[in-house]
Number of protein chains: 2
Amino acid sequence: MMKSSRLILALDVTSEDKALSLVRDLEGCFDAVKIGYPLILSCGLGIVGKISRFSPVIADLKIADIPNTNRLICEEALRAGVSGLIAHAFPGQDSLKACAESARAYGADLFVVTEMSHPGAKDFMTPLAEGLAKAAVEAGATGVVAPATRPERIKMIRSIIADKIIISPGVGAQGGSAADAIKAGADYLIVGRSITGADNPMAEAEKVLSQFKASVL
Amino acid sequence: MMKSSRLILALDVTSEDKALSLVRDLEGCFDAVKIGYPLILSCGLGIVGKISRFSPVIADLKIADIPNTNRLICEEALRAGVSGLIAHAFPGQDSLKACAESARAYGADLFVVTEMSHPGAKDFMTPLAEGLAKAAVEAGATGVVAPATRPERIKMIRSIIADKIIISPGVGAQGGSAADAIKAGADYLIVGRSITGADNPMAEAEKVLSQFKASVL
């Protein structure tokens, strides 16, 4: 992935028309577009090819199954044209390795969830974040997903994963500060609702981009 | 779910033709058919409606996201006609509750993964199995998924979830004993490759059914 805007758009919509009009209007503003199962289940996996005419696509599938099923899921998404995948480390090293091997075979990136930003993440995941980050390194992943809402956790994750890439959701609608997240070690920020939910997404994207540049330079 | 054969077919194929010919040939042999993302991504969510003409469908999506995304994923699958869903508990109580509420609104079942049978499950999940089972109870799930390969674990899970339903993969190809799993407290056994991979799936299903009846009665 090339660092240009250092921003990734989370395309959290379920309508194909809305998704395509957003990526068309916002072409060039973001380094990648992140989509998830709600959109894929609603439109079919063919949506990947349509979006990737405008931007590289990261499929945030939170993959969390046994190794063989993980491999089959990755291969379906990779054949459809995704350039990155997001998987959970929680089901274990062998499951994660299956994702990493599939991604590598297609020259795609694999990002691993180390922790999440919703309240329930504290129930089981937060205490395991270090172990999950180590599993990402061991599997040879491209990087990890760590919440921008907790910069001190990004710093801790950075100390484990060395020069791997950190992509961080939580800036904007969820209250995370772009400057703090980048200072703590995030490489890319993932922004979504503040732009996709705006009356004028293009104007909002330009605002976010200029605020972002001002805050991190 | 009605206990009739007490068997669930894991339809681990990715071709629509193969999937539909199997469920057509095996109609009436199983209480439900379990499908996962490899088949859904390959054929689209419309496959659910086609299979459910022959059997209730449990969508084994190992759902593992934040509450709002979980809700959107469940709603897509429920609108497509699934009668059951499988979710992970490790993203936390709020995420699981979102799945349980969606399932309930459609009169569908929710099953929660407590542990898995592949080697990597020991890395993070096995030590948490009790907590994951408690989370399933607290969320009001229909039941849990627990591996037939470890009957002593089924017994432990049963002691936590009282009269909730246990569905158990791992019998057959993975070496679990049907009789031991049922004796330990499993309500339904999930069988897959031994039948879907057989030259004559119908004959194999009849063999499994009669062996199963002989071993548990």
# chains A, B, ... in the order shown; residues from 1 in each chain; ligands from 1

$ calpha_fit_and_write --fixed "chain B" --moving "chain A" --output "compact mmCIF listing (two decimals) with C-alpha atoms, in the first residue's frame"
# COMPACT_ATOMS: atom_id res chain seq x y z
CA MET A 1 -35.44 -26.78 15.88
CA MET A 2 -37.14 -30.20 16.02
CA LYS A 3 -35.12 -33.18 17.15
CA SER A 4 -35.77 -35.79 14.54
CA SER A 5 -32.57 -37.25 13.07
CA ARG A 6 -30.45 -35.18 15.52
CA LEU A 7 -28.05 -34.72 12.63
CA ILE A 8 -27.06 -31.52 10.81
CA LEU A 9 -25.34 -31.64 7.42
CA ALA A 10 -22.32 -29.34 7.01
CA LEU A 11 -22.51 -28.46 3.34
CA ASP A 12 -18.81 -27.69 2.86
CA VAL A 13 -18.83 -27.23 -0.90
CA THR A 14 -18.48 -24.04 -2.95
CA SER A 15 -20.36 -25.00 -6.12
CA GLU A 16 -24.07 -24.18 -6.31
CA ASP A 17 -24.81 -27.23 -8.48
CA LYS A 18 -23.07 -29.58 -6.05
CA ALA A 19 -24.76 -27.93 -3.05
CA LEU A 20 -28.25 -28.17 -4.54
CA SER A 21 -27.84 -31.72 -5.81
CA LEU A 22 -26.68 -32.82 -2.34
CA VAL A 23 -29.56 -31.18 -0.47
CA ARG A 24 -32.05 -32.52 -3.02
CA ASP A 25 -30.71 -36.07 -2.74
CA LEU A 26 -30.45 -35.93 1.05
CA GLU A 27 -33.79 -34.23 1.73
CA GLY A 28 -35.32 -35.54 4.96
CA CYS A 29 -32.12 -37.17 6.27
CA PHE A 30 -31.05 -34.15 8.34
CA ASP A 31 -32.75 -31.65 10.65
CA ALA A 32 -30.84 -28.75 9.10
CA VAL A 33 -28.11 -27.89 6.61
CA LYS A 34 -25.20 -25.73 7.77
CA ILE A 35 -23.58 -23.48 5.17
CA GLY A 36 -20.72 -21.01 5.48
CA TYR A 37 -19.11 -18.05 3.74
CA PRO A 38 -17.18 -20.04 1.11
CA LEU A 39 -20.49 -21.17 -0.46
CA ILE A 40 -22.27 -17.84 0.14
CA LEU A 41 -19.42 -15.78 -1.35
CA SER A 42 -19.21 -18.09 -4.31
CA CYS A 43 -22.96 -18.20 -5.10
CA GLY A 44 -24.41 -15.11 -3.44
CA LEU A 45 -26.87 -15.04 -0.56
CA GLY A 46 -29.65 -16.26 -2.88
CA ILE A 47 -28.34 -19.79 -2.30
CA VAL A 48 -30.08 -19.69 1.11
CA GLY A 49 -33.54 -19.53 -0.44
CA LYS A 50 -32.71 -22.33 -2.88
CA ILE A 51 -31.44 -24.68 -0.15
CA SER A 52 -34.25 -23.83 2.25
CA ARG A 53 -36.77 -25.36 -0.15
CA PHE A 54 -35.29 -28.69 0.98
CA SER A 55 -34.10 -28.03 4.54
CA PRO A 56 -33.81 -25.34 7.21
CA VAL A 57 -30.51 -23.47 6.78
CA ILE A 58 -28.06 -22.57 9.55
CA ALA A 59 -25.62 -19.88 8.36
CA ASP A 60 -22.27 -20.55 9.99
CA LEU A 61 -20.89 -17.04 9.56
CA LYS A 62 -18.73 -17.02 12.72
CA ILE A 63 -19.98 -13.44 13.12
CA ALA A 64 -17.33 -11.42 14.99
CA ASP A 65 -17.69 -7.69 14.56
CA ILE A 66 -18.95 -4.62 16.47
CA PRO A 67 -22.65 -4.64 17.47
CA ASN A 68 -23.94 -2.54 14.56
CA THR A 69 -22.09 -4.51 11.88
CA ASN A 70 -23.19 -7.78 13.51
CA ARG A 71 -26.79 -6.59 13.32
CA LEU A 72 -26.46 -5.70 9.63
CA ILE A 73 -24.86 -9.08 8.82
CA CYS A 74 -27.59 -10.98 10.70
CA GLU A 75 -30.35 -9.01 8.99
CA GLU A 76 -28.97 -9.73 5.51
CA ALA A 77 -28.83 -13.46 6.28
CA LEU A 78 -32.22 -13.54 8.02
CA ARG A 79 -33.92 -11.69 5.17
CA ALA A 80 -32.43 -14.29 2.81
CA GLY A 81 -34.24 -16.97 4.82
CA VAL A 82 -31.80 -18.61 7.24
CA SER A 83 -33.42 -20.24 10.26
CA GLY A 84 -30.27 -20.22 12.36
CA LEU A 85 -27.02 -18.25 12.71
CA ILE A 86 -23.64 -19.02 14.27
CA ALA A 87 -21.71 -16.19 15.95
CA HIS A 88 -18.53 -15.80 18.00
CA ALA A 89 -18.82 -14.58 21.60
CA PHE A 90 -15.21 -13.41 21.54
CA PRO A 91 -15.93 -9.79 20.45
CA GLY A 92 -17.98 -9.36 23.63
CA GLN A 93 -21.42 -9.32 25.18
CA ASP A 94 -22.76 -6.31 23.26
CA SER A 95 -21.76 -7.78 19.90
CA LEU A 96 -23.37 -11.12 20.76
CA LYS A 97 -26.52 -9.47 22.05
CA ALA A 98 -26.93 -7.68 18.71
CA CYS A 99 -26.95 -11.11 16.98
CA ALA A 100 -29.37 -12.61 19.52
CA GLU A 101 -31.82 -9.71 19.14
CA SER A 102 -31.73 -9.92 15.34
CA ALA A 103 -32.28 -13.70 15.39
CA ARG A 104 -35.16 -13.37 17.87
CA ALA A 105 -36.89 -10.74 15.72
CA TYR A 106 -37.04 -13.30 12.90
CA GLY A 107 -37.86 -16.30 15.12
CA ALA A 108 -34.48 -17.79 14.22
CA ASP A 109 -31.93 -19.65 16.33
CA LEU A 110 -28.56 -18.26 17.42
CA PHE A 111 -25.71 -20.64 18.23
CA VAL A 112 -22.52 -19.38 19.83
CA VAL A 113 -19.02 -20.80 19.32
CA THR A 114 -17.53 -21.80 22.68
CA GLU A 115 -14.48 -23.51 21.31
CA MET A 116 -13.27 -25.00 18.08
CA SER A 117 -11.66 -28.30 17.17
CA HIS A 118 -8.60 -27.23 15.12
CA PRO A 119 -5.17 -27.12 16.86
CA GLY A 120 -4.98 -23.29 16.88
CA ALA A 121 -8.12 -23.08 19.04
CA LYS A 122 -5.84 -23.76 22.01
CA ASP A 123 -3.87 -20.52 21.42
CA PHE A 124 -6.57 -18.15 22.70
CA MET A 125 -10.03 -19.75 22.75
CA THR A 126 -9.88 -22.95 24.83
CA PRO A 127 -8.94 -21.17 28.09
CA LEU A 128 -11.93 -18.86 27.59
CA ALA A 129 -14.53 -21.54 26.75
CA GLU A 130 -16.39 -21.24 30.06
CA GLY A 131 -16.66 -17.47 29.74
CA LEU A 132 -17.81 -17.76 26.13
CA ALA A 133 -20.51 -20.27 27.15
CA LYS A 134 -21.67 -17.94 29.94
CA ALA A 135 -21.85 -15.08 27.42
CA ALA A 136 -24.09 -17.27 25.23
CA VAL A 137 -26.47 -17.84 28.14
CA GLU A 138 -26.49 -14.16 29.09
CA ALA A 139 -27.26 -13.10 25.50
CA GLY A 140 -30.23 -15.47 25.37
CA ALA A 141 -28.80 -17.61 22.57
CA THR A 142 -30.53 -20.84 21.51
CA GLY A 143 -27.39 -22.81 22.18
CA VAL A 144 -23.71 -23.31 21.53
CA VAL A 145 -21.32 -25.07 19.17
CA ALA A 146 -18.90 -27.40 20.98
CA PRO A 147 -16.56 -29.99 19.44
CA ALA A 148 -17.56 -33.67 19.51
CA THR A 149 -13.86 -34.52 19.52
CA ARG A 150 -13.66 -33.50 23.20
CA PRO A 151 -16.62 -35.05 25.08
CA GLU A 152 -15.25 -33.92 28.46
CA ARG A 153 -15.49 -30.32 27.24
CA ILE A 154 -19.10 -30.88 26.10
CA LYS A 155 -19.87 -32.07 29.63
CA MET A 156 -18.30 -28.92 31.11
CA ILE A 157 -20.21 -26.67 28.66
CA ARG A 158 -23.47 -28.54 29.45
CA SER A 159 -23.00 -27.76 33.16
CA ILE A 160 -22.86 -24.03 32.30
CA ILE A 161 -25.63 -23.72 29.71
CA ALA A 162 -28.23 -25.96 31.44
CA ASP A 163 -30.95 -26.85 28.92
CA LYS A 164 -29.71 -24.85 25.95
CA ILE A 165 -28.93 -26.76 22.76
CA ILE A 166 -25.44 -28.08 21.96
CA ILE A 167 -24.57 -28.70 18.31
CA SER A 168 -21.32 -30.62 17.80
CA PRO A 169 -19.03 -30.86 14.78
CA GLY A 170 -16.10 -33.30 14.65
CA VAL A 171 -17.82 -36.67 14.29
CA GLY A 172 -16.63 -38.81 11.38
CA ALA A 173 -13.74 -37.34 9.38
CA GLN A 174 -12.27 -35.62 12.47
CA GLY A 175 -12.53 -38.76 14.60
CA GLY A 176 -15.14 -37.84 17.23
CA SER A 177 -17.44 -40.62 18.49
CA ALA A 178 -21.16 -39.97 18.04
CA ALA A 179 -22.08 -42.04 21.09
CA ASP A 180 -19.54 -40.28 23.35
CA ALA A 181 -20.64 -36.82 22.20
CA ILE A 182 -24.34 -37.55 22.76
CA LYS A 183 -23.61 -39.17 26.14
CA ALA A 184 -21.63 -36.06 27.17
CA GLY A 185 -24.61 -33.85 26.35
CA ALA A 186 -24.62 -32.96 22.65
CA ASP A 187 -28.12 -32.53 21.18
CA TYR A 188 -27.19 -32.50 17.49
CA LEU A 189 -24.17 -33.79 15.63
CA ILE A 190 -22.84 -31.94 12.61
CA VAL A 191 -21.51 -34.25 9.89
CA GLY A 192 -19.95 -33.09 6.66
CA ARG A 193 -17.07 -34.35 4.61
CA SER A 194 -17.73 -38.05 5.30
CA ILE A 195 -21.04 -37.61 3.44
CA THR A 196 -20.51 -34.70 1.02
CA GLY A 197 -17.18 -36.19 -0.09
CA ALA A 198 -18.51 -39.73 -0.60
CA ASP A 199 -18.96 -41.24 -4.07
CA ASN A 200 -22.52 -42.08 -3.06
CA PRO A 201 -23.59 -39.45 -0.50
CA MET A 202 -27.08 -40.96 -0.13
CA ALA A 203 -25.71 -44.42 0.77
CA GLU A 204 -23.16 -42.83 3.11
CA ALA A 205 -25.87 -40.75 4.80
CA GLU A 206 -27.98 -43.86 5.37
CA LYS A 207 -24.94 -45.63 6.83
CA VAL A 208 -24.22 -42.70 9.17
CA LEU A 209 -27.88 -42.50 10.20
CA SER A 210 -28.16 -46.19 11.03
CA GLN A 211 -24.77 -46.28 12.81
CA PHE A 212 -25.82 -43.18 14.73
CA LYS A 213 -29.16 -44.71 15.80
CA ALA A 214 -27.45 -47.93 16.86
CA SER A 215 -24.75 -46.14 18.84
CA VAL A 216 -26.92 -43.76 20.81
CA LEU A 217 -29.98 -45.88 21.58

$ select_by_dssp --residues "region 3-216 of chain A" --states "helix (DSSP H, G or I)" --output "ChimeraX atom specification"
/A:16-25,37-43,47-51,67-79,93-105,121-124,126-139,151-161,178-184,193-196,201-216

$ select_by_dssp --residues "region 31-150 of chain B" --states "strand (DSSP E)" --output "PDB file with all heavy atoms, in the first residue's frame"
ATOM      1  N   ALA B  32     -31.228 -30.054   9.648  1.00  0.00           N
ATOM      2  CA  ALA B  32     -30.851 -28.749   9.091  1.00  0.00           C
ATOM      3  C   ALA B  32     -29.591 -28.919   8.247  1.00  0.00           C
ATOM      4  O   ALA B  32     -28.874 -29.917   8.371  1.00  0.00           O
ATOM      5  CB  ALA B  32     -30.590 -27.739  10.214  1.00  0.00           C
ATOM      6  N   VAL B  33     -29.351 -27.930   7.413  1.00  0.00           N
ATOM      7  CA  VAL B  33     -28.126 -27.890   6.609  1.00  0.00           C
ATOM      8  C   VAL B  33     -27.338 -26.661   7.037  1.00  0.00           C
ATOM      9  O   VAL B  33     -27.903 -25.566   7.131  1.00  0.00           O
ATOM     10  CB  VAL B  33     -28.474 -27.830   5.100  1.00  0.00           C
ATOM     11  CG1 VAL B  33     -27.265 -27.411   4.290  1.00  0.00           C
ATOM     12  CG2 VAL B  33     -29.007 -29.168   4.613  1.00  0.00           C
ATOM     13  N   LYS B  34     -26.061 -26.854   7.336  1.00  0.00           N
ATOM     14  CA  LYS B  34     -25.210 -25.741   7.759  1.00  0.00           C
ATOM     15  C   LYS B  34     -24.350 -25.311   6.569  1.00  0.00           C
ATOM     16  O   LYS B  34     -23.660 -26.130   5.981  1.00  0.00           O
ATOM     17  CB  LYS B  34     -24.332 -26.195   8.934  1.00  0.00           C
ATOM     18  CG  LYS B  34     -23.407 -25.128   9.483  1.00  0.00           C
ATOM     19  CD  LYS B  34     -22.693 -25.599  10.740  1.00  0.00           C
ATOM     20  CE  LYS B  34     -21.406 -26.355  10.467  1.00  0.00           C
ATOM     21  NZ  LYS B  34     -20.278 -25.561   9.954  1.00  0.00           N
ATOM     22  N   ILE B  35     -24.445 -24.014   6.238  1.00  0.00           N
ATOM     23  CA  ILE B  35     -23.593 -23.499   5.155  1.00  0.00           C
ATOM     24  C   ILE B  35     -22.726 -22.358   5.697  1.00  0.00           C
ATOM     25  O   ILE B  35     -23.052 -21.752   6.720  1.00  0.00           O
ATOM     26  CB  ILE B  35     -24.409 -23.002   3.939  1.00  0.00           C
ATOM     27  CG1 ILE B  35     -25.260 -21.775   4.301  1.00  0.00           C
ATOM     28  CG2 ILE B  35     -25.305 -24.108   3.392  1.00  0.00           C
ATOM     29  CD1 ILE B  35     -25.927 -21.114   3.093  1.00  0.00           C
ATOM     30  N   GLY B  36     -21.626 -22.076   5.006  1.00  0.00           N
ATOM     31  CA  GLY B  36     -20.715 -21.029   5.477  1.00  0.00           C
ATOM     32  C   GLY B  36     -20.398 -20.027   4.381  1.00  0.00           C
ATOM     33  O   GLY B  36     -20.968 -20.067   3.280  1.00  0.00           O
ATOM     34  N   VAL B  57     -31.930 -23.839   6.997  1.00  0.00           N
ATOM     35  CA  VAL B  57     -30.525 -23.478   6.782  1.00  0.00           C
ATOM     36  C   VAL B  57     -29.956 -22.763   8.015  1.00  0.00           C
ATOM     37  O   VAL B  57     -30.538 -21.793   8.500  1.00  0.00           O
ATOM     38  CB  VAL B  57     -30.376 -22.544   5.554  1.00  0.00           C
ATOM     39  CG1 VAL B  57     -28.933 -22.059   5.418  1.00  0.00           C
ATOM     40  CG2 VAL B  57     -30.815 -23.256   4.282  1.00  0.00           C
ATOM     41  N   ILE B  58     -28.826 -23.268   8.508  1.00  0.00           N
ATOM     42  CA  ILE B  58     -28.066 -22.567   9.552  1.00  0.00           C
ATOM     43  C   ILE B  58     -26.861 -21.920   8.864  1.00  0.00           C
ATOM     44  O   ILE B  58     -26.066 -22.602   8.229  1.00  0.00           O
ATOM     45  CB  ILE B  58     -27.587 -23.544  10.648  1.00  0.00           C
ATOM     46  CG1 ILE B  58     -28.788 -24.189  11.355  1.00  0.00           C
ATOM     47  CG2 ILE B  58     -26.705 -22.814  11.664  1.00  0.00           C
ATOM     48  CD1 ILE B  58     -28.406 -25.275  12.354  1.00  0.00           C
ATOM     49  N   ALA B  59     -26.761 -20.589   8.980  1.00  0.00           N
ATOM     50  CA  ALA B  59     -25.634 -19.880   8.352  1.00  0.00           C
ATOM     51  C   ALA B  59     -24.499 -19.775   9.365  1.00  0.00           C
ATOM     52  O   ALA B  59     -24.592 -19.061  10.365  1.00  0.00           O
ATOM     53  CB  ALA B  59     -26.067 -18.499   7.882  1.00  0.00           C
ATOM     54  N   ASP B  60     -23.443 -20.523   9.080  1.00  0.00           N
ATOM     55  CA  ASP B  60     -22.285 -20.570   9.981  1.00  0.00           C
ATOM     56  C   ASP B  60     -21.335 -19.441   9.577  1.00  0.00           C
ATOM     57  O   ASP B  60     -20.340 -19.674   8.892  1.00  0.00           O
ATOM     58  CB  ASP B  60     -21.600 -21.928   9.868  1.00  0.00           C
ATOM     59  CG  ASP B  60     -20.439 -22.058  10.835  1.00  0.00           C
ATOM     60  OD1 ASP B  60     -20.203 -21.105  11.613  1.00  0.00           O
ATOM     61  OD2 ASP B  60     -19.763 -23.097  10.809  1.00  0.00           O
ATOM     62  N   LEU B  61     -21.662 -18.219  10.008  1.00  0.00           N
ATOM     63  CA  LEU B  61     -20.902 -17.052   9.561  1.00  0.00           C
ATOM     64  C   LEU B  61     -19.820 -16.657  10.556  1.00  0.00           C
ATOM     65  O   LEU B  61     -19.067 -15.718  10.307  1.00  0.00           O
ATOM     66  CB  LEU B  61     -21.868 -15.875   9.310  1.00  0.00           C
ATOM     67  CG  LEU B  61     -23.034 -16.184   8.352  1.00  0.00           C
ATOM     68  CD1 LEU B  61     -23.876 -14.943   8.107  1.00  0.00           C
ATOM     69  CD2 LEU B  61     -22.534 -16.762   7.029  1.00  0.00           C
ATOM     70  N   LYS B  62     -19.738 -17.363  11.688  1.00  0.00           N
ATOM     71  CA  LYS B  62     -18.739 -17.030  12.715  1.00  0.00           C
ATOM     72  C   LYS B  62     -18.685 -15.499  12.888  1.00  0.00           C
ATOM     73  O   LYS B  62     -17.596 -14.895  12.861  1.00  0.00           O
ATOM     74  CB  LYS B  62     -17.353 -17.570  12.353  1.00  0.00           C
ATOM     75  CG  LYS B  62     -17.284 -19.071  12.123  1.00  0.00           C
ATOM     76  CD  LYS B  62     -17.042 -19.854  13.377  1.00  0.00           C
ATOM     77  CE  LYS B  62     -16.707 -21.318  13.147  1.00  0.00           C
ATOM     78  NZ  LYS B  62     -17.443 -22.039  12.115  1.00  0.00           N
ATOM     79  N   ILE B  63     -19.854 -14.910  13.072  1.00  0.00           N
ATOM     80  CA  ILE B  63     -19.987 -13.452  13.125  1.00  0.00           C
ATOM     81  C   ILE B  63     -19.139 -12.896  14.276  1.00  0.00           C
ATOM     82  O   ILE B  63     -19.223 -13.381  15.398  1.00  0.00           O
ATOM     83  CB  ILE B  63     -21.463 -13.066  13.309  1.00  0.00           C
ATOM     84  CG1 ILE B  63     -22.309 -13.753  12.223  1.00  0.00           C
ATOM     85  CG2 ILE B  63     -21.646 -11.545  13.260  1.00  0.00           C
ATOM     86  CD1 ILE B  63     -23.818 -13.700  12.494  1.00  0.00           C
ATOM     87  N   GLY B  84     -31.209 -20.241  11.248  1.00  0.00           N
ATOM     88  CA  GLY B  84     -30.263 -20.212  12.354  1.00  0.00           C
ATOM     89  C   GLY B  84     -28.974 -19.520  11.945  1.00  0.00           C
ATOM     90  O   GLY B  84     -28.636 -19.457  10.759  1.00  0.00           O
ATOM     91  N   LEU B  85     -28.276 -18.970  12.944  1.00  0.00           N
ATOM     92  CA  LEU B  85     -27.017 -18.255  12.704  1.00  0.00           C
ATOM     93  C   LEU B  85     -25.988 -18.730  13.710  1.00  0.00           C
ATOM     94  O   LEU B  85     -26.336 -19.099  14.834  1.00  0.00           O
ATOM     95  CB  LEU B  85     -27.224 -16.752  12.911  1.00  0.00           C
ATOM     96  CG  LEU B  85     -28.017 -16.001  11.831  1.00  0.00           C
ATOM     97  CD1 LEU B  85     -28.529 -14.676  12.388  1.00  0.00           C
ATOM     98  CD2 LEU B  85     -27.130 -15.751  10.603  1.00  0.00           C
ATOM     99  N   ILE B  86     -24.716 -18.701  13.315  1.00  0.00           N
ATOM    100  CA  ILE B  86     -23.635 -19.022  14.264  1.00  0.00           C
ATOM    101  C   ILE B  86     -22.735 -17.795  14.414  1.00  0.00           C
ATOM    102  O   ILE B  86     -22.281 -17.223  13.416  1.00  0.00           O
ATOM    103  CB  ILE B  86     -22.821 -20.247  13.801  1.00  0.00           C
ATOM    104  CG1 ILE B  86     -23.731 -21.499  13.806  1.00  0.00           C
ATOM    105  CG2 ILE B  86     -21.603 -20.470  14.706  1.00  0.00           C
ATOM    106  CD1 ILE B  86     -23.057 -22.792  13.358  1.00  0.00           C
ATOM    107  N   ALA B  87     -22.519 -17.389  15.665  1.00  0.00           N
ATOM    108  CA  ALA B  87     -21.705 -16.199  15.953  1.00  0.00           C
ATOM    109  C   ALA B  87     -20.615 -16.538  16.959  1.00  0.00           C
ATOM    110  O   ALA B  87     -20.741 -17.481  17.743  1.00  0.00           O
ATOM    111  CB  ALA B  87     -22.581 -15.084  16.509  1.00  0.00           C
ATOM    112  N   HIS B  88     -19.539 -15.740  16.940  1.00  0.00           N
ATOM    113  CA  HIS B  88     -18.511 -15.819  17.972  1.00  0.00           C
ATOM    114  C   HIS B  88     -18.934 -14.964  19.173  1.00  0.00           C
ATOM    115  O   HIS B  88     -19.586 -13.924  19.005  1.00  0.00           O
ATOM    116  CB  HIS B  88     -17.187 -15.265  17.446  1.00  0.00           C
ATOM    117  CG  HIS B  88     -16.336 -16.275  16.744  1.00  0.00           C
ATOM    118  ND1 HIS B  88     -15.841 -17.387  17.364  1.00  0.00           N
ATOM    119  CD2 HIS B  88     -15.882 -16.325  15.466  1.00  0.00           C
ATOM    120  CE1 HIS B  88     -15.101 -18.083  16.508  1.00  0.00           C
ATOM    121  NE2 HIS B  88     -15.126 -17.466  15.344  1.00  0.00           N
ATOM    122  N   ASP B 109     -32.820 -19.192  15.267  1.00  0.00           N
ATOM    123  CA  ASP B 109     -31.930 -19.649  16.339  1.00  0.00           C
ATOM    124  C   ASP B 109     -30.570 -18.979  16.240  1.00  0.00           C
ATOM    125  O   ASP B 109     -30.077 -18.716  15.151  1.00  0.00           O
ATOM    126  CB  ASP B 109     -31.711 -21.166  16.226  1.00  0.00           C
ATOM    127  CG  ASP B 109     -32.989 -21.958  16.467  1.00  0.00           C
ATOM    128  OD1 ASP B 109     -33.685 -21.647  17.450  1.00  0.00           O
ATOM    129  OD2 ASP B 109     -33.281 -22.867  15.669  1.00  0.00           O
ATOM    130  N   LEU B 110     -29.971 -18.724  17.413  1.00  0.00           N
ATOM    131  CA  LEU B 110     -28.576 -18.263  17.430  1.00  0.00           C
ATOM    132  C   LEU B 110     -27.732 -19.263  18.209  1.00  0.00           C
ATOM    133  O   LEU B 110     -28.042 -19.586  19.357  1.00  0.00           O
ATOM    134  CB  LEU B 110     -28.447 -16.879  18.077  1.00  0.00           C
ATOM    135  CG  LEU B 110     -26.985 -16.409  18.169  1.00  0.00           C
ATOM    136  CD1 LEU B 110     -26.430 -16.049  16.790  1.00  0.00           C
ATOM    137  CD2 LEU B 110     -26.834 -15.228  19.122  1.00  0.00           C
ATOM    138  N   PHE B 111     -26.676 -19.753  17.565  1.00  0.00           N
ATOM    139  CA  PHE B 111     -25.722 -20.640  18.224  1.00  0.00           C
ATOM    140  C   PHE B 111     -24.387 -19.915  18.364  1.00  0.00           C
ATOM    141  O   PHE B 111     -23.968 -19.196  17.453  1.00  0.00           O
ATOM    142  CB  PHE B 111     -25.541 -21.932  17.419  1.00  0.00           C
ATOM    143  CG  PHE B 111     -26.821 -22.707  17.278  1.00  0.00           C
ATOM    144  CD1 PHE B 111     -27.585 -22.609  16.119  1.00  0.00           C
ATOM    145  CD2 PHE B 111     -27.291 -23.497  18.317  1.00  0.00           C
ATOM    146  CE1 PHE B 111     -28.789 -23.302  15.989  1.00  0.00           C
ATOM    147  CE2 PHE B 111     -28.492 -24.189  18.199  1.00  0.00           C
ATOM    148  CZ  PHE B 111     -29.240 -24.090  17.031  1.00  0.00           C
ATOM    149  N   VAL B 112     -23.736 -20.117  19.506  1.00  0.00           N
ATOM    150  CA  VAL B 112     -22.520 -19.376  19.824  1.00  0.00           C
ATOM    151  C   VAL B 112     -21.339 -20.333  19.912  1.00  0.00           C
ATOM    152  O   VAL B 112     -21.437 -21.394  20.541  1.00  0.00           O
ATOM    153  CB  VAL B 112     -22.703 -18.634  21.168  1.00  0.00           C
ATOM    154  CG1 VAL B 112     -21.435 -17.899  21.555  1.00  0.00           C
ATOM    155  CG2 VAL B 112     -23.891 -17.678  21.083  1.00  0.00           C
ATOM    156  N   VAL B 113     -20.225 -19.961  19.286  1.00  0.00           N
ATOM    157  CA  VAL B 113     -19.023 -20.799  19.322  1.00  0.00           C
ATOM    158  C   VAL B 113     -18.382 -20.690  20.704  1.00  0.00           C
ATOM    159  O   VAL B 113     -18.034 -19.598  21.147  1.00  0.00           O
ATOM    160  CB  VAL B 113     -18.007 -20.341  18.254  1.00  0.00           C
ATOM    161  CG1 VAL B 113     -16.760 -21.221  18.272  1.00  0.00           C
ATOM    162  CG2 VAL B 113     -18.635 -20.356  16.861  1.00  0.00           C
ATOM    163  N   GLY B 143     -28.330 -21.772  21.756  1.00  0.00           N
ATOM    164  CA  GLY B 143     -27.398 -22.801  22.174  1.00  0.00           C
ATOM    165  C   GLY B 143     -25.978 -22.481  21.763  1.00  0.00           C
ATOM    166  O   GLY B 143     -25.674 -21.327  21.433  1.00  0.00           O
ATOM    167  N   VAL B 144     -25.134 -23.499  21.812  1.00  0.00           N
ATOM    168  CA  VAL B 144     -23.712 -23.304  21.524  1.00  0.00           C
ATOM    169  C   VAL B 144     -23.200 -24.379  20.571  1.00  0.00           C
ATOM    170  O   VAL B 144     -23.835 -25.416  20.380  1.00  0.00           O
ATOM    171  CB  VAL B 144     -22.859 -23.332  22.817  1.00  0.00           C
ATOM    172  CG1 VAL B 144     -23.338 -22.292  23.817  1.00  0.00           C
ATOM    173  CG2 VAL B 144     -22.856 -24.726  23.438  1.00  0.00           C
ATOM    174  N   VAL B 145     -22.024 -24.084  20.006  1.00  0.00           N
ATOM    175  CA  VAL B 145     -21.325 -25.058  19.169  1.00  0.00           C
ATOM    176  C   VAL B 145     -20.122 -25.544  19.968  1.00  0.00           C
ATOM    177  O   VAL B 145     -19.300 -24.733  20.400  1.00  0.00           O
ATOM    178  CB  VAL B 145     -20.813 -24.410  17.863  1.00  0.00           C
ATOM    179  CG1 VAL B 145     -20.298 -25.470  16.896  1.00  0.00           C
ATOM    180  CG2 VAL B 145     -21.900 -23.570  17.202  1.00  0.00           C
TER     181      VAL B 145
END
